[in-house]
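Take a look at the structure set out below.
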Amino acid sequence: MSKPVIATTSLAGCFGCHMSILDIDERILQLIELVEFNKSPVDDIKTFTKPVDIGIIEGGCCNSENVEVLKSFRKNCKILISLGECAIMGGLPALRNGIPIEECLHEAYIGGPTVGLNKMGIMPNDDELPMLLDKVYPCHEIVKIDYFLPGCPPRADLIWDALVALITGDPMKLPYEVVKFD
Amino acid sequence: MSNLIKFKIDGVECMTERGKFIVEAALENGIFIPTLCNMPGVKPKGSCRICTVKINGRLMTSCTTPVADGMEVESNSTEINELRKSIVELLFVSGNHFCPACEKSGNCELQALGYLYQMMVPRYPYEFPLREVDADSPYIIKDQNRCILCKRCIKTIKDEQGRSLFAFRDRGHRLEVVLDKELAAEMTPELAELAMKNCPVGSILVKEKGFVEPIGKRKFDKTAIGSDVKL
């Protein structure tokens with residue numbers, strides 16, 4: 001039997017969840033024995049080259065590119081996992097939810113206290129740039145997500161246990177210390 | 001002795017004095033029933049519904065229901081725990097509960113209940129309401145994003161003359177707990193600490209103080225809420 005294939009991505013996240021994947025330490029050698037990585041920042045494969053078994057999503061959807069990537073993950077992956085608070089509920093980027101886009105951009109590029117270098121008061125507005133969404137959406141409000149692993153970041157043991165459970169088909173143990181929201 | 005009555009919680013024989021509410025009687029008998037709006041020494045209100053139990057096939061809030069002789073209470077069952085989990089989920093989606101950025105994280109009772117019922121994701125859509133943060137008072141911050149309207153602060157945080165520092169304002173979905181600016185300006189540091197402690201979430205914070213305890217040493221990092229209650 002061929003190895004299960006894993007793909008990962010970071011949408012509106014900080015890559016902390018990917019760091020937590022690496023935080024499984026020496027078990028990463030076991031992981032390489034168990035699975036094969038496809039599209040992922042871990043191996044720098046940019047596009048899907050084959051059907052994927054497990055897709056891991058970090059971060060919520062804050063712009064049109066995030067939505068597109070998330071939809072391509074849903075299309076190419078049998079199982080999708082929301083990894084971390086941002087994928088689950090928008091996380092810190094979702095602090096802007098409820099504030100109009102224009103106000104956010106104004107604060108970031110024109111009115112804010114740290115925009116001194118932007119003397120011309122230019123607000124990015126190019127067709128090449130992904131369009132910001134009206135708010136940051138949790139991934140499961142855009143596509144169907146099969147499993148959720150909370151945490152900021154999710155504990156390495158939680159990620160490891162979830163992957164092992166998915167690959168072997170055994171139930172997850174979920175000890176108290178590993179399920180945390182921060 | 002006639003004042004003592006017998007009752008059962010999940011089949012466990014319990015005994016208490018007549019007139020006690022189920023929540024406190026359960027605690028006396030070493031059984032934990034979760035509460036959010038209720039706390040010892042405060043008149044129960046039964047508003048958060050997290051302490052819901054089943055008696056005679058009916059759902060009742062155990063903080064407002066007195067124990068009756070021979071009463072059989074169902075509390076730690078799959079059905080009741082599932083109901084409590086959905087209440088926790090509803091509270092999470094109806095406010096803005098950003099645990100990673102919250103000063104109360106690790107010591108928050110709502111979060112601890114999320115851990116207890118293994119809430120991986122709320123099953124309801126997030127509301128992301130637009131709420132204010134009131135930082136005008138010299139000693140405390142009132143963050144409406146995190147308030148669950150439990151009323152604990154209104155009932156317990158009072159000045160020497162018995163005046164409440166907090167009060168309800170507005171009605172329905174606009175209802176909020178607000179801080180009286182004049183009374184808050186004169187509050188003692190001890191009262192500010194007590195307000196933060198009595199708040200089950202991170203809605204009341206003492207100014208210039210946060211993240212005092214490191215991750216791993218906070219109240220609910222290693223031990224579940226209610227685990228100190230032993231049969």
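Naming works like this for the structure tokens: A, B, ... for the chains as they're shown, residue 1 at the start of each chain, ligands 1 onward in shown order.
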Counting only C-alpha atoms, collect the residues of chain B whose closest atom lies at most 7 Å from chain A, and write them out as a PyMOL selection string. chain B and resi 98-100+115+120-121+128-130+221-222
What lies within 8 Å of Cys77 (chain A) using only C-alpha atoms, ignoring chain neighbours under 3 positions off, as an MDAnalysis selection string? chainID A and resid 7 51:55 73:74 80
Mind checking which residues fall within 12 Å of Thr78 (chain B), counting only C-alpha atoms, ignoring those fewer than 4 positions away in the same chain, and posting them as a list in words? Asp10, Val53, Lys54, Glu74, Glu82, Leu83, Arg84, Lys85 and Tyr117 of chain B
Mind listing the helix (DSSP H, G or I) residues of region 84-196 of chain B, per DSSP on the backbone, as a ChimeraX atom specification? /B:84-94,99-101,109-116,152-156,172-174,181-185,189-196
As a VMD selection string, please: the residues near Gly57 (chain B) (cut-off 12 Å, only C-alpha atoms, same-chain neighbours under 5 positions excluded). chain B and resid 71 to 75 79 to 80
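We find CA of Gly116 (chain A) and CA of Cys104 (chain A) to be spaced 16.7 Å apart.
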Per-residue DSSP, region 3-215 of chain B, filtered to strand (DSSP E or B), as a ChimeraX atom specification: /B:4-9,12-17,21,52-55,58-61,66,72-74,133-134,140-143,158,164,166-169,176-179,204-206
Produce a file of the selected residues containing N, CA and C atoms, as a tab-separated table (two decimals), in the first residue's frame.
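again18.tsv, freshly written:
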```
chain	number	residue	atom	x	y	z
B	4	LEU	N	-33.01	16.72	57.72
B	4	LEU	CA	-32.18	16.08	56.71
B	4	LEU	C	-33.03	15.28	55.73
B	5	ILE	N	-32.73	15.44	54.45
B	5	ILE	CA	-33.47	14.66	53.46
B	5	ILE	C	-32.48	13.91	52.55
B	6	LYS	N	-33.00	12.81	51.99
B	6	LYS	CA	-32.16	11.99	51.10
B	6	LYS	C	-32.58	12.22	49.66
B	7	PHE	N	-31.59	12.21	48.79
B	7	PHE	CA	-31.88	12.31	47.34
B	7	PHE	C	-30.77	11.62	46.58
B	8	LYS	N	-30.92	11.48	45.29
B	8	LYS	CA	-29.90	10.79	44.49
B	8	LYS	C	-29.46	11.65	43.32
B	9	ILE	N	-28.14	11.66	43.06
B	9	ILE	CA	-27.63	12.28	41.83
B	9	ILE	C	-26.93	11.19	41.02
B	12	VAL	N	-26.24	8.08	42.86
B	12	VAL	CA	-25.44	8.14	44.10
B	12	VAL	C	-26.31	8.70	45.23
B	13	GLU	N	-26.37	7.96	46.34
B	13	GLU	CA	-27.15	8.40	47.50
B	13	GLU	C	-26.54	9.66	48.10
B	14	CYS	N	-27.33	10.70	48.27
B	14	CYS	CA	-26.84	11.94	48.86
B	14	CYS	C	-27.77	12.36	50.00
B	15	MET	N	-27.25	13.24	50.84
B	15	MET	CA	-28.06	13.73	51.97
B	15	MET	C	-27.80	15.22	52.14
B	16	THR	N	-28.84	15.97	52.45
B	16	THR	CA	-28.64	17.41	52.68
B	16	THR	C	-29.76	17.96	53.55
B	17	GLU	N	-29.60	19.23	53.90
B	17	GLU	CA	-30.65	19.87	54.70
B	17	GLU	C	-31.77	20.33	53.77
B	21	PHE	N	-30.41	24.32	47.57
B	21	PHE	CA	-30.50	24.15	46.12
B	21	PHE	C	-29.63	22.96	45.68
B	52	THR	N	-28.02	22.87	34.15
B	52	THR	CA	-29.24	22.10	33.86
B	52	THR	C	-29.06	20.62	34.22
B	53	VAL	N	-30.07	20.09	34.90
B	53	VAL	CA	-30.11	18.65	35.22
B	53	VAL	C	-31.50	18.14	34.81
B	54	LYS	N	-31.66	16.83	34.88
B	54	LYS	CA	-32.97	16.26	34.53
B	54	LYS	C	-33.60	15.67	35.79
B	55	ILE	N	-34.80	16.11	36.09
B	55	ILE	CA	-35.53	15.59	37.23
B	55	ILE	C	-36.92	15.18	36.75
B	58	ARG	N	-37.84	16.09	33.34
B	58	ARG	CA	-37.87	17.52	32.96
B	58	ARG	C	-36.51	18.17	33.20
B	59	LEU	N	-36.17	19.11	32.33
B	59	LEU	CA	-34.90	19.83	32.48
B	59	LEU	C	-35.10	20.99	33.44
B	60	MET	N	-34.26	21.06	34.48
B	60	MET	CA	-34.36	22.12	35.47
B	60	MET	C	-32.97	22.69	35.72
B	61	THR	N	-32.91	23.98	36.11
B	61	THR	CA	-31.61	24.53	36.50
B	61	THR	C	-31.38	24.17	37.96
B	66	PRO	N	-34.71	23.71	44.61
B	66	PRO	CA	-34.37	23.13	45.92
B	66	PRO	C	-34.51	21.61	45.88
B	72	GLU	N	-34.69	12.26	42.42
B	72	GLU	CA	-33.63	11.61	41.65
B	72	GLU	C	-33.18	12.53	40.53
B	73	VAL	N	-31.90	12.93	40.61
B	73	VAL	CA	-31.35	13.92	39.69
B	73	VAL	C	-30.41	13.26	38.68
B	74	GLU	N	-30.59	13.59	37.41
B	74	GLU	CA	-29.66	13.09	36.39
B	74	GLU	C	-28.78	14.26	35.97
B	133	VAL	N	-15.03	48.35	24.32
B	133	VAL	CA	-14.18	48.12	25.49
B	133	VAL	C	-14.17	49.43	26.28
B	134	ASP	N	-14.60	49.36	27.54
B	134	ASP	CA	-14.63	50.56	28.38
B	134	ASP	C	-13.40	50.57	29.28
B	140	ILE	N	-10.04	49.46	36.47
B	140	ILE	CA	-10.43	48.25	35.73
B	140	ILE	C	-10.88	48.54	34.30
B	141	ILE	N	-10.83	47.48	33.50
B	141	ILE	CA	-11.30	47.53	32.11
B	141	ILE	C	-12.53	46.64	32.01
B	142	LYS	N	-13.57	47.14	31.35
B	142	LYS	CA	-14.75	46.31	31.12
B	142	LYS	C	-14.84	46.02	29.63
B	143	ASP	N	-14.53	44.79	29.26
B	143	ASP	CA	-14.53	44.41	27.84
B	143	ASP	C	-15.85	43.72	27.50
B	158	LYS	N	-19.82	45.76	45.32
B	158	LYS	CA	-20.56	46.91	45.85
B	158	LYS	C	-19.64	47.78	46.70
B	164	SER	N	-24.15	48.98	43.93
B	164	SER	CA	-23.48	48.15	42.92
B	164	SER	C	-22.67	49.02	41.96
B	166	PHE	N	-21.63	47.85	39.10
B	166	PHE	CA	-22.04	47.44	37.76
B	166	PHE	C	-23.56	47.42	37.68
B	167	ALA	N	-24.08	47.58	36.45
B	167	ALA	CA	-25.53	47.54	36.28
B	167	ALA	C	-25.87	47.09	34.87
B	168	PHE	N	-27.07	46.54	34.72
B	168	PHE	CA	-27.57	46.21	33.39
B	168	PHE	C	-27.99	47.49	32.67
B	169	ARG	N	-27.74	47.54	31.35
B	169	ARG	CA	-28.23	48.65	30.55
B	169	ARG	C	-28.90	48.08	29.30
B	176	GLU	N	-26.42	44.93	28.13
B	176	GLU	CA	-25.00	44.84	28.51
B	176	GLU	C	-24.80	45.22	29.97
B	177	VAL	N	-23.70	44.75	30.52
B	177	VAL	CA	-23.33	45.10	31.89
B	177	VAL	C	-22.35	46.26	31.82
B	178	VAL	N	-22.74	47.39	32.43
B	178	VAL	CA	-21.87	48.57	32.35
B	178	VAL	C	-21.37	48.97	33.73
B	179	LEU	N	-20.28	49.70	33.71
B	179	LEU	CA	-19.62	50.13	34.94
B	179	LEU	C	-20.03	51.57	35.25
B	204	ILE	N	-13.90	41.53	32.94
B	204	ILE	CA	-13.43	42.54	33.90
B	204	ILE	C	-11.95	42.27	34.17
B	205	LEU	N	-11.12	43.25	33.87
B	205	LEU	CA	-9.68	43.08	34.04
B	205	LEU	C	-9.13	44.21	34.90
B	206	VAL	N	-8.19	43.88	35.77
B	206	VAL	CA	-7.50	44.90	36.54
B	206	VAL	C	-6.46	45.54	35.63
```
Identify, on the basis of only C-alpha atoms, every residue whose closest approach to Lys209 (chain B) does not exceed 12 Å; exclude the query and any residue fewer than 6 positions from it along the same chain; express the result as a PyMOL selection string. chain B and resi 103-104+139-141+189+192-193+196
How about saving the chosen residues, C-alpha atoms kept, as an mmCIF file, in the first residue's frame?
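Just written: out19.cif:
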```cif
data_model
loop_
_atom_site.group_PDB
_atom_site.id
_atom_site.type_symbol
_atom_site.label_atom_id
_atom_site.label_comp_id
_atom_site.auth_asym_id
_atom_site.auth_seq_id
_atom_site.Cartn_x
_atom_site.Cartn_y
_atom_site.Cartn_z
ATOM 1 C CA GLU B 103 -5.675 37.903 29.828
ATOM 2 C CA LYS B 104 -8.034 35.499 31.592
ATOM 3 C CA TYR B 139 -8.523 50.670 37.928
ATOM 4 C CA ILE B 140 -10.432 48.255 35.734
ATOM 5 C CA ILE B 141 -11.300 47.529 32.106
ATOM 6 C CA PRO B 189 -7.574 47.976 44.498
ATOM 7 C CA ALA B 192 -10.935 45.712 41.603
ATOM 8 C CA GLU B 193 -9.141 42.406 42.186
ATOM 9 C CA MET B 196 -11.756 40.398 38.148
#
```
Write out as a PyMOL selection string the residues lying within 9 Å of Phe37 (chain A), counting only C-alpha atoms and excluding same-chain residues fewer than 2 positions away. chain A and resi 4-8+32+35+39-40+42-43+45+52
Compare A:Leu83, A:Leu129, A:Met123, A:Leu70 by their minimum atom-to-atom distance to Glu58 (chain A), counting only C-alpha atoms, and give me the closest one. A:Leu83
Residues within 8 Å of Asn66 (chain A), only C-alpha atoms, excluding chain neighbours under 5 positions, as a PyMOL selection string: chain A and resi 11-12+60-61
Take the residues just selected and output them with N, CA, C and O atoms as a PDB file, in the first residue's frame.
```pdb
ATOM      1  N   LEU A  11      -3.246  29.960   5.541  1.00  0.00           N
ATOM      2  CA  LEU A  11      -4.053  31.039   4.945  1.00  0.00           C
ATOM      3  C   LEU A  11      -3.798  32.306   5.759  1.00  0.00           C
ATOM      4  O   LEU A  11      -2.673  32.764   5.828  1.00  0.00           O
ATOM      5  N   ALA A  12      -4.852  32.858   6.392  1.00  0.00           N
ATOM      6  CA  ALA A  12      -4.621  34.035   7.239  1.00  0.00           C
ATOM      7  C   ALA A  12      -4.128  33.563   8.605  1.00  0.00           C
ATOM      8  O   ALA A  12      -4.837  33.629   9.595  1.00  0.00           O
ATOM      9  N   GLY A  60      -7.565  31.356   8.952  1.00  0.00           N
ATOM     10  CA  GLY A  60      -8.903  31.527   8.407  1.00  0.00           C
ATOM     11  C   GLY A  60      -8.829  32.160   7.028  1.00  0.00           C
ATOM     12  O   GLY A  60      -7.758  32.254   6.427  1.00  0.00           O
ATOM     13  N   CYS A  61      -9.974  32.606   6.510  1.00  0.00           N
ATOM     14  CA  CYS A  61     -10.011  33.218   5.179  1.00  0.00           C
ATOM     15  C   CYS A  61     -10.222  34.718   5.308  1.00  0.00           C
ATOM     16  O   CYS A  61     -11.282  35.166   5.746  1.00  0.00           O
TER      17      CYS A  61
END
```
Point out the residue among B:His97, B:Arg49, B:Arg18, B:Lys207 with the least atom-to-atom distance to Asn81 (chain B), counting only C-alpha atoms.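 When distances to Asn81 (chain B) are compared using only C-alpha atoms, the smallest one comes from B:Arg49.
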